file work_33.cif (mmCIF, C-alpha atoms and all ligand atoms)
data_final
#
loop_
_atom_site.label_atom_id
_atom_site.label_comp_id
_atom_site.auth_asym_id
_atom_site.auth_seq_id
_atom_site.Cartn_x
_atom_site.Cartn_y
_atom_site.Cartn_z
CA MET P 84 4.75 169.59 3.91
CA PHE P 85 7.73 170.73 5.98
CA LYS P 86 11.19 169.14 6.12
CA LEU P 87 14.13 169.98 8.32
CA PHE P 88 17.67 169.34 7.05
CA SER P 89 21.00 169.62 8.80
CA GLY P 90 24.24 170.53 7.10
CA THR P 91 27.45 169.15 8.59
CA SER P 92 28.61 172.28 10.43
CA ASN P 93 26.48 172.01 13.57
CA PRO P 94 24.58 168.69 13.70
CA LYS P 95 24.14 168.89 17.49
CA LEU P 96 22.22 172.16 17.25
CA ALA P 97 20.09 170.84 14.37
CA ALA P 98 19.35 167.68 16.39
CA GLY P 99 18.26 169.86 19.32
CA VAL P 100 15.85 171.80 17.10
CA SER P 101 14.52 168.57 15.60
CA ARG P 102 13.87 167.16 19.10
CA LEU P 103 12.03 170.26 20.22
CA LEU P 104 9.85 170.24 17.10
CA HIS P 105 9.25 166.45 17.31
CA LEU P 106 10.30 166.40 13.68
CA PRO P 107 13.01 163.97 12.55
CA LEU P 108 15.82 165.39 10.44
CA ALA P 109 15.33 164.65 6.74
CA ALA P 110 17.82 162.35 5.03
CA SER P 111 20.75 163.78 3.11
CA GLU P 112 24.43 163.03 2.54
CA VAL P 113 27.51 165.14 2.14
CA VAL P 114 30.49 163.39 0.58
CA ARG P 115 33.96 164.90 0.89
CA PHE P 116 36.41 163.91 -1.83
CA GLU P 117 40.12 163.74 -1.33
CA ASN P 118 40.64 166.75 -3.61
CA SER P 119 38.50 168.73 -1.07
CA GLU P 120 35.43 169.01 -3.33
CA ILE P 121 32.11 168.05 -1.77
CA ARG P 122 28.91 166.56 -3.11
CA VAL P 123 25.51 167.07 -1.50
CA ARG P 124 22.57 164.74 -2.06
CA VAL P 125 19.04 165.00 -0.70
CA ASN P 126 17.61 161.55 -0.02
CA GLU P 127 13.96 162.53 0.48
CA ASP P 128 11.02 163.48 -1.63
CA VAL P 129 10.79 167.22 -1.10
CA LYS P 130 8.50 168.13 -4.01
CA ASN P 131 6.19 170.97 -2.90
CA HIS P 132 7.61 170.93 0.63
CA THR P 133 8.98 173.89 2.54
CA CYS P 134 12.54 172.84 3.33
CA VAL P 135 14.59 174.35 6.13
CA LEU P 136 18.33 173.85 6.26
CA ILE P 137 20.40 174.56 9.39
CA GLN P 138 24.00 175.32 8.52
CA SER P 139 26.42 177.68 10.26
CA THR P 140 29.03 179.10 7.94
CA SER P 141 31.71 178.80 10.59
CA ASN P 142 35.31 177.66 10.18
CA PRO P 143 36.07 176.12 7.65
CA THR P 144 33.92 178.95 6.33
CA ASP P 145 34.25 178.45 2.59
CA THR P 146 33.61 174.70 2.80
CA HIS P 147 30.49 175.25 4.91
CA LEU P 148 29.30 177.98 2.56
CA MET P 149 29.65 175.77 -0.50
CA GLU P 150 27.71 173.04 1.30
CA LEU P 151 24.93 175.53 2.05
CA PHE P 152 24.76 176.59 -1.61
CA PHE P 153 24.80 172.99 -2.86
CA PHE P 154 22.02 171.98 -0.45
CA CYS P 155 19.84 174.77 -1.79
CA ASP P 156 20.55 173.74 -5.37
CA ALA P 157 19.78 170.07 -4.61
CA LEU P 158 16.49 170.97 -2.91
CA ARG P 159 15.42 173.29 -5.74
CA ARG P 160 16.20 170.64 -8.34
CA GLN P 161 13.89 168.28 -6.43
CA GLU P 162 11.17 170.94 -6.68
CA ALA P 163 11.02 172.01 -3.07
CA LYS P 164 8.41 174.73 -2.71
CA LYS P 165 10.63 177.04 -0.64
CA VAL P 166 14.14 176.68 0.71
CA ILE P 167 14.81 178.50 3.96
CA GLY P 168 18.34 178.86 5.26
CA ILE P 169 18.99 179.06 8.99
CA ILE P 170 22.57 180.27 9.28
CA PRO P 171 23.10 180.57 13.05
CA TYR P 172 26.61 181.95 12.54
CA PHE P 173 26.98 184.06 9.41
CA GLY P 174 30.60 183.86 8.25
CA TYR P 175 32.12 186.94 6.59
CA ALA P 176 29.63 189.24 8.37
CA ARG P 177 32.51 191.35 9.70
CA GLN P 178 33.70 192.15 6.17
CA ASP P 179 30.79 194.51 5.60
CA VAL P 180 32.61 197.67 4.51
CA GLN P 181 35.85 198.51 2.76
CA HIS P 182 38.01 199.07 5.83
CA ARG P 183 40.90 200.03 3.51
CA PRO P 184 40.94 200.96 -0.19
CA GLY P 185 41.19 197.93 -2.43
CA GLU P 186 39.36 195.53 -0.09
CA CYS P 187 36.36 193.42 -1.09
CA VAL P 188 33.04 193.68 0.77
CA SER P 189 32.72 189.94 1.26
CA VAL P 190 29.38 189.78 3.07
CA ASN P 191 27.63 191.46 0.12
CA VAL P 192 29.03 188.81 -2.20
CA ILE P 193 27.76 186.01 0.06
CA ILE P 194 24.29 187.59 0.13
CA LYS P 195 24.23 187.79 -3.69
CA PHE P 196 25.06 184.08 -3.84
CA LEU P 197 22.30 183.17 -1.36
CA GLU P 198 19.78 185.12 -3.38
CA SER P 199 20.77 183.92 -6.82
CA ILE P 200 20.98 180.30 -5.76
CA GLY P 201 17.33 180.43 -4.76
CA PHE P 202 16.93 180.76 -1.01
CA TYR P 203 13.43 182.02 -0.22
CA LYS P 204 14.32 183.39 3.21
CA VAL P 205 17.37 183.53 5.45
CA TYR P 206 17.54 183.61 9.25
CA THR P 207 20.63 184.27 11.27
CA VAL P 208 21.47 185.03 14.90
CA ASN P 209 22.95 188.35 16.05
CA LEU P 210 24.40 189.43 12.72
CA HIS P 211 27.58 191.46 13.22
CA ASP P 212 26.03 194.71 11.95
CA GLU P 213 22.27 195.15 11.69
CA ALA P 214 22.81 197.47 8.69
CA THR P 215 23.77 194.40 6.64
CA GLU P 216 20.09 193.47 6.80
CA GLY P 217 19.46 196.19 4.20
CA VAL P 218 21.67 194.40 1.67
CA PHE P 219 19.24 191.46 1.45
CA SER P 220 16.51 191.71 -1.15
CA ILE P 221 14.91 188.43 -0.03
CA PRO P 222 13.12 188.09 3.35
CA PHE P 223 15.63 188.02 6.19
CA LYS P 224 15.38 187.75 9.97
CA ASN P 225 18.05 188.45 12.55
CA ILE P 226 17.21 186.44 15.69
CA ASN P 227 18.37 187.95 18.98
CA ALA P 228 20.07 185.51 21.37
CA PHE P 229 20.63 188.09 24.11
CA PRO P 230 17.47 187.13 26.06
CA VAL P 231 18.85 183.63 26.67
CA LEU P 232 22.32 184.91 27.62
CA ALA P 233 20.86 187.60 29.91
CA LYS P 234 18.71 184.98 31.66
CA GLU P 235 21.75 182.78 32.37
CA ILE P 236 23.72 185.73 33.74
CA GLN P 237 20.79 186.74 35.94
CA LYS P 238 20.75 183.20 37.36
CA TYR P 239 24.52 183.26 37.86
CA LEU P 240 24.48 186.59 39.70
CA LYS P 241 21.28 185.61 41.56
CA LEU P 242 20.14 189.23 41.80
CA VAL P 243 21.14 191.87 39.32
CA SER P 244 20.83 195.50 40.32
CA THR P 245 21.66 198.35 37.98
CA ASP P 246 23.86 199.91 40.64
CA SER P 247 26.18 196.99 41.14
CA THR P 248 26.50 195.97 37.50
CA ALA P 249 28.10 197.76 34.55
CA VAL P 250 27.43 196.63 31.01
CA VAL P 251 30.53 197.34 28.94
CA SER P 252 31.03 197.42 25.18
CA PRO P 253 34.58 196.41 24.28
CA ASP P 254 34.60 198.86 21.35
CA HIS P 255 32.66 201.85 19.97
CA GLY P 256 31.03 199.73 17.28
CA GLY P 257 29.39 197.55 19.93
CA VAL P 258 27.55 200.23 21.94
CA GLU P 259 24.09 199.55 20.47
CA ARG P 260 24.66 195.82 20.89
CA ALA P 261 25.58 196.30 24.57
CA ARG P 262 22.52 198.46 25.07
CA LYS P 263 20.31 195.78 23.55
CA PHE P 264 21.81 193.24 25.95
CA SER P 265 21.37 195.47 28.98
CA ASP P 266 17.70 196.08 28.04
CA GLU P 267 17.30 192.32 28.39
CA LEU P 268 19.37 192.04 31.55
CA PHE P 269 17.69 194.83 33.47
CA GLY P 270 14.29 194.74 31.78
CA HIS P 271 14.26 198.51 31.23
CA GLN P 272 16.13 201.14 29.29
CA ASN P 273 17.23 203.51 32.07
CA HIS P 274 20.84 202.58 32.16
CA THR P 275 24.14 203.81 30.83
CA ILE P 276 26.67 201.73 28.94
CA SER P 277 30.41 201.90 29.55
CA VAL P 278 32.60 201.85 26.45
CA ILE P 279 36.16 200.85 25.78
CA GLU P 280 38.20 202.59 23.14
CA LYS P 281 39.72 199.78 21.12
CA LYS P 282 42.35 200.21 18.47
CA ARG P 283 42.82 197.49 15.89
CA ASP P 284 45.90 197.20 13.72
CA LEU P 285 44.55 196.24 10.30
CA GLU P 286 48.04 195.41 9.07
CA HIS P 287 48.31 192.65 11.72
CA ILE P 288 45.35 190.29 11.86
CA HIS P 289 43.83 189.52 15.27
CA GLU P 290 45.74 192.34 17.01
CA SER P 291 43.99 195.01 19.06
CA VAL P 292 44.56 197.08 22.19
CA ALA P 293 42.13 198.50 24.79
CA LEU P 294 43.21 202.14 25.08
CA ASP P 295 40.72 203.68 27.52
CA LEU P 296 37.42 203.06 29.29
CA TYR P 297 34.58 205.61 29.41
CA GLY P 298 32.12 204.99 32.24
CA ASP P 299 32.14 203.83 35.84
CA VAL P 300 32.96 200.21 36.64
CA LYS P 301 34.49 200.77 40.10
CA GLY P 302 33.25 198.20 42.61
CA LYS P 303 30.86 196.74 40.02
CA VAL P 304 30.49 193.48 38.16
CA ALA P 305 31.50 194.40 34.61
CA ILE P 306 29.67 192.48 31.91
CA LEU P 307 31.45 192.66 28.58
CA VAL P 308 29.09 192.21 25.64
CA ASP P 309 30.20 191.23 22.15
CA ASP P 310 28.84 189.37 19.15
CA MET P 311 31.82 187.06 18.72
CA ILE P 312 35.21 185.98 19.97
CA THR P 313 37.87 184.90 17.50
CA SER P 314 41.41 185.39 18.84
CA GLY P 315 40.09 186.49 22.23
CA GLY P 316 42.23 189.65 22.12
CA THR P 317 39.34 192.12 22.29
CA LEU P 318 37.76 190.58 25.41
CA ILE P 319 41.01 189.69 27.17
CA HIS P 320 42.34 193.26 26.95
CA ALA P 321 38.94 194.75 27.79
CA ALA P 322 38.61 192.56 30.90
CA GLN P 323 42.02 193.59 32.20
CA LEU P 324 41.17 197.26 31.71
CA CYS P 325 37.90 196.82 33.65
CA LEU P 326 39.79 195.27 36.57
CA ASP P 327 42.46 198.00 36.41
CA ARG P 328 39.61 200.54 36.71
CA GLY P 329 38.29 198.83 39.84
CA ALA P 330 35.63 196.35 38.61
CA SER P 331 35.01 193.66 41.26
CA LYS P 332 34.83 190.95 38.59
CA VAL P 333 34.28 190.56 34.87
CA LEU P 334 31.79 188.34 33.05
CA ALA P 335 31.33 188.07 29.29
CA ALA P 336 28.14 187.68 27.27
CA VAL P 337 29.07 186.79 23.70
CA VAL P 338 26.93 185.13 21.04
CA HIS P 339 29.35 183.29 18.73
CA HIS P 340 32.48 181.35 19.68
CA ASP P 341 34.30 181.60 16.38
CA PHE P 342 37.53 180.55 18.10
CA ALA P 343 40.92 180.83 16.39
CA PRO P 344 43.48 178.15 17.35
CA GLY P 345 44.70 178.69 20.92
CA ALA P 346 41.83 181.07 21.86
CA ALA P 347 40.28 178.68 24.40
CA GLN P 348 43.50 178.41 26.41
CA LYS P 349 43.98 182.20 26.37
CA LEU P 350 40.39 182.80 27.47
CA GLN P 351 40.67 180.26 30.29
CA SER P 352 43.69 182.07 31.71
CA SER P 353 42.18 185.55 31.19
CA ALA P 354 40.74 187.88 33.84
CA VAL P 355 37.16 187.01 32.80
CA GLU P 356 35.44 184.89 35.46
CA ARG P 357 32.93 183.25 33.13
CA PHE P 358 32.04 183.38 29.43
CA PHE P 359 28.35 182.99 28.61
CA MET P 360 28.09 182.01 24.95
CA THR P 361 25.65 180.25 22.63
CA ASP P 362 25.99 177.14 20.49
CA THR P 363 25.60 178.82 17.08
CA ILE P 364 28.95 177.20 16.24
CA ALA P 365 29.86 173.60 17.09
CA LEU P 366 32.79 173.44 19.50
CA LYS P 367 35.70 171.13 18.82
CA GLU P 368 37.02 169.13 21.79
CA ASP P 369 40.10 171.37 22.19
CA GLN P 370 37.90 174.49 22.18
CA LYS P 371 36.07 173.58 25.38
CA PHE P 372 37.29 175.19 28.60
CA GLU P 373 36.13 175.39 32.19
CA LYS P 374 35.10 179.05 32.21
CA LEU P 375 32.86 178.59 29.17
CA HIS P 376 29.14 178.34 29.92
CA GLU P 377 27.36 177.40 26.72
CA VAL P 378 23.65 178.12 26.32
CA SER P 379 21.68 176.49 23.52
CA ILE P 380 19.70 178.57 21.03
CA ALA P 381 17.79 175.47 19.86
CA PRO P 382 14.59 176.68 21.63
CA LEU P 383 14.85 180.08 19.88
CA LEU P 384 15.21 178.43 16.47
CA ALA P 385 12.43 175.93 17.20
CA ASP P 386 10.08 178.80 18.16
CA GLU P 387 10.79 180.55 14.86
CA LEU P 388 10.20 177.37 12.86
CA LYS P 389 6.91 176.63 14.61
CA HIS P 390 5.48 179.63 12.75
CA LEU P 391 6.42 178.05 9.42
CA MET P 392 5.09 174.55 10.06
C1 LIG P 401 34.54 193.35 16.21
O1 LIG P 401 33.99 194.26 15.60
C2 LIG P 401 33.78 192.20 16.78
O2 LIG P 401 32.55 192.63 17.31
C3 LIG P 401 34.58 191.44 17.83
O3 LIG P 401 34.87 192.34 18.89
C4 LIG P 401 35.89 190.93 17.29
O4 LIG P 401 35.72 190.39 16.01
C5 LIG P 401 36.48 189.88 18.21
O5 LIG P 401 37.66 189.40 17.65
P1 LIG P 401 38.88 188.95 18.55
O6 LIG P 401 38.40 187.95 19.53
O7 LIG P 401 39.87 188.37 17.55
O8 LIG P 401 39.46 190.18 19.19
#
call {"tool": "encode", "arguments": {"input": "work_33.cif", "output": "structure tokens", "more": "lines below"}}
Ligand code: R5P
result
Amino acid sequence: MFKLFSGTSNPKLAAGVSRLLHLPLAASEVVRFENSEIRVRVNEDVKNHTCVLIQSTSNPTDTHLMELFFFCDALRRQEAKKVIGIIPYFGYARQDVQHRPGECVSVNVIIKFLESIGFYKVYTVNLHDEATEGVFSIPFKNINAFPVLAKEIQKYLKLVSTDSTAVVSPDHGGVERARKFSDELFGHQNHTISVIEKKRDLEHIHESVALDLYGDVKGKVAILVDDMITSGGTLIHAAQLCLDRGASKVLAAVVHHDFAPGAAQKLQSSAVERFFMTDTIALKEDQKFEKLHEVSIAPLLADELKHLM
């Protein structure tokens, strides 16, 4: 009475979850027409089944979103009992307030669509701002991928001591996120977080500068924590500032690689020694680079789904 579907945005992750659950992916097809419209068809009997769809709304965001909506519609028309959306990367999550007068609040619009189209419950991974959770009026769960990233960094550093490691947020908005990561890394809450003062120029997309660093990174391994990388600017500038302030090396723990064109090359030649990131978004060939250490969240998703089966 449970079926697992994969959209086209991250089939490798969906296949990983299906393997771990010993549950084959249910049959469906997504046709792309030359005029860019898509058509989704569910090729299974789903009547009275709980259906779970894995689909990241990553770049091309709007196309992947429409596919997610159409899947839900197709499943509901076939009388699925419940449709559950697993959206490992939640596109538009950063547009959660009016940064300037006249702007839309895009994430609220997406949530309205998800609700009105008939999703029963939505899961995502490290949503940009936890406050967005309050916008949902259907059940929602924000899965935390920091335990898996912290574990990989612990292995990489062999032994992590609070004294020799500084967890750094690359902007003020990320302080709570960095704290959450360091709770996982150190296994306790008696630590301080260093913070970078970042200034973003909203008139020029993808441009930001790291103005100052509050905290002590001298002689320490600085671990920059963020939810996503797009242009790479935030982390690249933050890493350089950590080194300028005496950090012995810089690592990065970031959940989503929402890379803009050219980001991979810039990150490879940056001051960061290694980027620990998850597979919420499928990487294209030209987005892979040597310093990137990708950790799969398939086990986290499979654990969640086990409760539903
Ligand atoms: C900002 O609030 C986010 O948490 C990320 O720091 C930001 O979106 C990263 O973007 P970029 O890589 O383009 O600097």
call {"tool": "closest_residue", "arguments": {"input": "work_33.cif", "among": "P:Phe359, P:Phe229, P:Tyr175, P:Tyr297", "to": "ligand LIG 401 (chain P)", "atoms": "only C-alpha atoms and all ligand atoms"}}
result
P:Tyr175
call {"tool": "closest_atom_pairs", "arguments": {"input": "work_33.cif", "of": "chain P", "to": "ligand LIG 401 (chain P)", "cutoff": "9 Å", "atoms": "only C-alpha atoms and all ligand atoms", "output": "Markdown table"}}
result
| residue | atom | partner | partner_atom | distance |
| --- | --- | --- | --- | --- |
| P:Arg177 | CA | P:LIG401 | O1 | 6.7 |
| P:His211 | CA | P:LIG401 | O2 | 6.5 |
| P:Asp212 | CA | P:LIG401 | O2 | 8.7 |
| P:Ser252 | CA | P:LIG401 | O3 | 9.0 |
| P:Pro253 | CA | P:LIG401 | O3 | 6.8 |
| P:Asp254 | CA | P:LIG401 | O3 | 7.0 |
| P:His255 | CA | P:LIG401 | O1 | 8.9 |
| P:Gly256 | CA | P:LIG401 | O1 | 6.4 |
| P:Gly257 | CA | P:LIG401 | O2 | 6.4 |
| P:Arg283 | CA | P:LIG401 | O8 | 8.7 |
| P:Ile288 | CA | P:LIG401 | O7 | 8.1 |
| P:His289 | CA | P:LIG401 | O7 | 4.7 |
| P:Glu290 | CA | P:LIG401 | O8 | 7.0 |
| P:Ser291 | CA | P:LIG401 | O8 | 6.6 |
| P:Val308 | CA | P:LIG401 | O3 | 8.9 |
| P:Asp309 | CA | P:LIG401 | O2 | 5.6 |
| P:Asp310 | CA | P:LIG401 | O2 | 5.3 |
| P:Met311 | CA | P:LIG401 | C3 | 5.3 |
| P:Ile312 | CA | P:LIG401 | O6 | 3.8 |
| P:Thr313 | CA | P:LIG401 | O6 | 3.7 |
| P:Ser314 | CA | P:LIG401 | O7 | 3.6 |
| P:Gly315 | CA | P:LIG401 | O6 | 3.5 |
| P:Gly316 | CA | P:LIG401 | O8 | 4.1 |
| P:Thr317 | CA | P:LIG401 | O8 | 3.7 |
| P:Leu318 | CA | P:LIG401 | O8 | 6.5 |
| P:Ile319 | CA | P:LIG401 | O8 | 8.1 |
| P:His320 | CA | P:LIG401 | O8 | 8.8 |
| P:His340 | CA | P:LIG401 | O6 | 8.9 |
| P:Asp341 | CA | P:LIG401 | O6 | 8.2 |
| P:Phe342 | CA | P:LIG401 | O6 | 7.6 |
| P:Ala343 | CA | P:LIG401 | O7 | 7.7 |
| P:Ala346 | CA | P:LIG401 | O6 | 8.0 |
call {"tool": "residues_around", "arguments": {"input": "work_33.cif", "residues": "Ile137 (chain P)", "least_positions_apart": "6", "cutoff": "9 Å", "atoms": "all atoms listed in the file", "output": "VMD selection string"}}
result
chain P and resid 87 to 94 96 to 97 151 167 to 171
call {"tool": "atom_distance", "arguments": {"input": "work_33.cif", "atom1": "CA of Leu294 (chain P)", "atom2": "CA of Ala354 (chain P)"}}
result
16.9 Å
call {"tool": "closest_residue", "arguments": {"input": "work_33.cif", "among": "P:His376, P:His182, P:Lys95, P:Arg102", "to": "Glu286 (chain P)", "atoms": "only C-alpha atoms"}}
result
P:His182
call {"tool": "atom_distance", "arguments": {"input": "work_33.cif", "atom1": "CA of Asp295 (chain P)", "atom2": "CA of Arg328 (chain P)"}}
result
9.8 Å
call {"tool": "closest_residue", "arguments": {"input": "work_33.cif", "among": "P:Pro143, P:Pro230, P:Gly185, P:Gly201", "to": "Leu158 (chain P)", "atoms": "all atoms listed in the file"}}
result
P:Gly201
call {"tool": "atom_distance", "arguments": {"input": "work_33.cif", "atom1": "CA of Arg159 (chain P)", "atom2": "CA of Val123 (chain P)"}}
result
12.6 Å
call {"tool": "residues_around", "arguments": {"input": "work_33.cif", "residues": "region 234-236 of chain P", "least_positions_apart": "4", "cutoff": "12 Å", "atoms": "all atoms listed in the file", "output": "NGL selection string"}}
result
:P and (228-230 or 240-243 or 248 or 250 or 264-270 or 304-308 or 333-337 or 356-361 or 376-379)
call {"tool": "closest_residue", "arguments": {"input": "work_33.cif", "among": "P:His105, P:His390, P:Leu383, P:Thr144", "to": "Asn227 (chain P)", "atoms": "all atoms listed in the file"}}
result
P:Leu383
call {"tool": "closest_residue", "arguments": {"input": "work_33.cif", "among": "P:Ile380, P:Ile200, P:Val100, P:Ile279", "to": "Thr363 (chain P)", "atoms": "only C-alpha atoms"}}
result
P:Ile380
call {"tool": "residues_around", "arguments": {"input": "work_33.cif", "residues": "Phe85 (chain P)", "least_positions_apart": "3", "cutoff": "8 Å", "atoms": "all atoms listed in the file", "output": "ChimeraX atom specification"}}
result
/P:132-135,392
call {"tool": "closest_residue", "arguments": {"input": "work_33.cif", "among": "P:Tyr239, P:Ser119, P:His339, P:Leu285", "to": "Tyr172 (chain P)", "atoms": "all atoms listed in the file"}}
result
P:His339
call {"tool": "residues_around", "arguments": {"input": "work_33.cif", "residues": "Asp299 (chain P)", "least_positions_apart": "4", "cutoff": "9 Å", "atoms": "only C-alpha atoms", "output": "list in words"}}
result
Ala249, Ser277, Lys303, Arg328, Gly329 and Ala330 of chain P
call {"tool": "residues_around", "arguments": {"input": "work_33.cif", "residues": "Pro382 (chain P)", "least_positions_apart": "4", "cutoff": "10 Å", "atoms": "all atoms listed in the file", "output": "PDB file with C-alpha atoms, keeping the file's coordinate frame"}}
result
ATOM      1  CA  LEU P  96      22.220 172.160  17.250  1.00  0.00           C
ATOM      2  CA  GLY P  99      18.260 169.860  19.320  1.00  0.00           C
ATOM      3  CA  VAL P 100      15.850 171.800  17.100  1.00  0.00           C
ATOM      4  CA  ARG P 102      13.870 167.160  19.100  1.00  0.00           C
ATOM      5  CA  LEU P 103      12.030 170.260  20.220  1.00  0.00           C
ATOM      6  CA  LEU P 104       9.850 170.240  17.100  1.00  0.00           C
ATOM      7  CA  VAL P 231      18.850 183.630  26.670  1.00  0.00           C
ATOM      8  CA  ASP P 386      10.080 178.800  18.160  1.00  0.00           C
ATOM      9  CA  GLU P 387      10.790 180.550  14.860  1.00  0.00           C
ATOM     10  CA  LEU P 388      10.200 177.370  12.860  1.00  0.00           C
TER      11      LEU P 388
END
call {"tool": "decode", "arguments": {"input": "work_33.cif", "residues": "region 154-210 of chain P", "atoms": "C-alpha atoms", "output": "compact mmCIF listing (two decimals), in the first residue's frame"}}
result
# COMPACT_ATOMS: atom_id res chain seq x y z
CA PHE P 154 2.89 14.33 -10.46
CA CYS P 155 0.66 15.18 -7.50
CA ASP P 156 -2.28 15.87 -9.80
CA ALA P 157 -1.75 12.60 -11.71
CA LEU P 158 -1.55 10.59 -8.47
CA ARG P 159 -4.66 12.24 -7.02
CA ARG P 160 -6.62 11.60 -10.20
CA GLN P 161 -5.71 7.90 -9.86
CA GLU P 162 -7.14 8.02 -6.32
CA ALA P 163 -3.95 7.71 -4.35
CA LYS P 164 -4.79 7.77 -0.66
CA LYS P 165 -2.10 10.32 0.24
CA VAL P 166 0.57 12.05 -1.80
CA ILE P 167 3.73 12.91 0.09
CA GLY P 168 6.34 15.17 -1.46
CA ILE P 169 10.00 14.77 -0.57
CA ILE P 170 11.65 17.92 -1.86
CA PRO P 171 15.30 17.49 -0.81
CA TYR P 172 16.20 20.93 -2.19
CA PHE P 173 13.40 23.48 -1.87
CA GLY P 174 13.80 26.05 -4.64
CA TYR P 175 12.78 29.65 -3.90
CA ALA P 176 13.30 29.13 -0.14
CA ARG P 177 15.60 32.17 -0.04
CA GLN P 178 12.82 34.44 -1.30
CA ASP P 179 11.03 34.30 2.04
CA VAL P 180 10.63 38.01 2.83
CA GLN P 181 10.30 41.22 0.85
CA HIS P 182 13.96 42.24 0.85
CA ARG P 183 12.97 45.44 -0.99
CA PRO P 184 9.56 47.09 -1.49
CA GLY P 185 7.74 45.73 -4.51
CA GLU P 186 9.24 42.23 -4.36
CA CYS P 187 7.20 39.02 -4.30
CA VAL P 188 7.55 36.49 -1.46
CA SER P 189 8.02 33.54 -3.78
CA VAL P 190 8.33 30.73 -1.25
CA ASN P 191 4.86 31.51 0.15
CA VAL P 192 3.42 31.21 -3.35
CA ILE P 193 5.08 27.81 -3.85
CA ILE P 194 3.68 26.57 -0.53
CA LYS P 195 0.17 27.69 -1.53
CA PHE P 196 0.52 25.69 -4.75
CA LEU P 197 1.70 22.57 -2.91
CA GLU P 198 -1.24 22.77 -0.55
CA SER P 199 -3.94 23.51 -3.10
CA ILE P 200 -2.73 20.84 -5.50
CA GLY P 201 -3.30 18.24 -2.80
CA PHE P 202 -0.04 17.21 -1.15
CA TYR P 203 -0.78 15.55 2.18
CA LYS P 204 2.66 16.19 3.66
CA VAL P 205 5.93 17.74 2.55
CA TYR P 206 9.46 16.91 3.67
CA THR P 207 12.53 18.90 2.83
CA VAL P 208 16.15 19.03 3.97
CA ASN P 209 17.66 22.03 5.77
CA LEU P 210 15.16 24.63 4.61
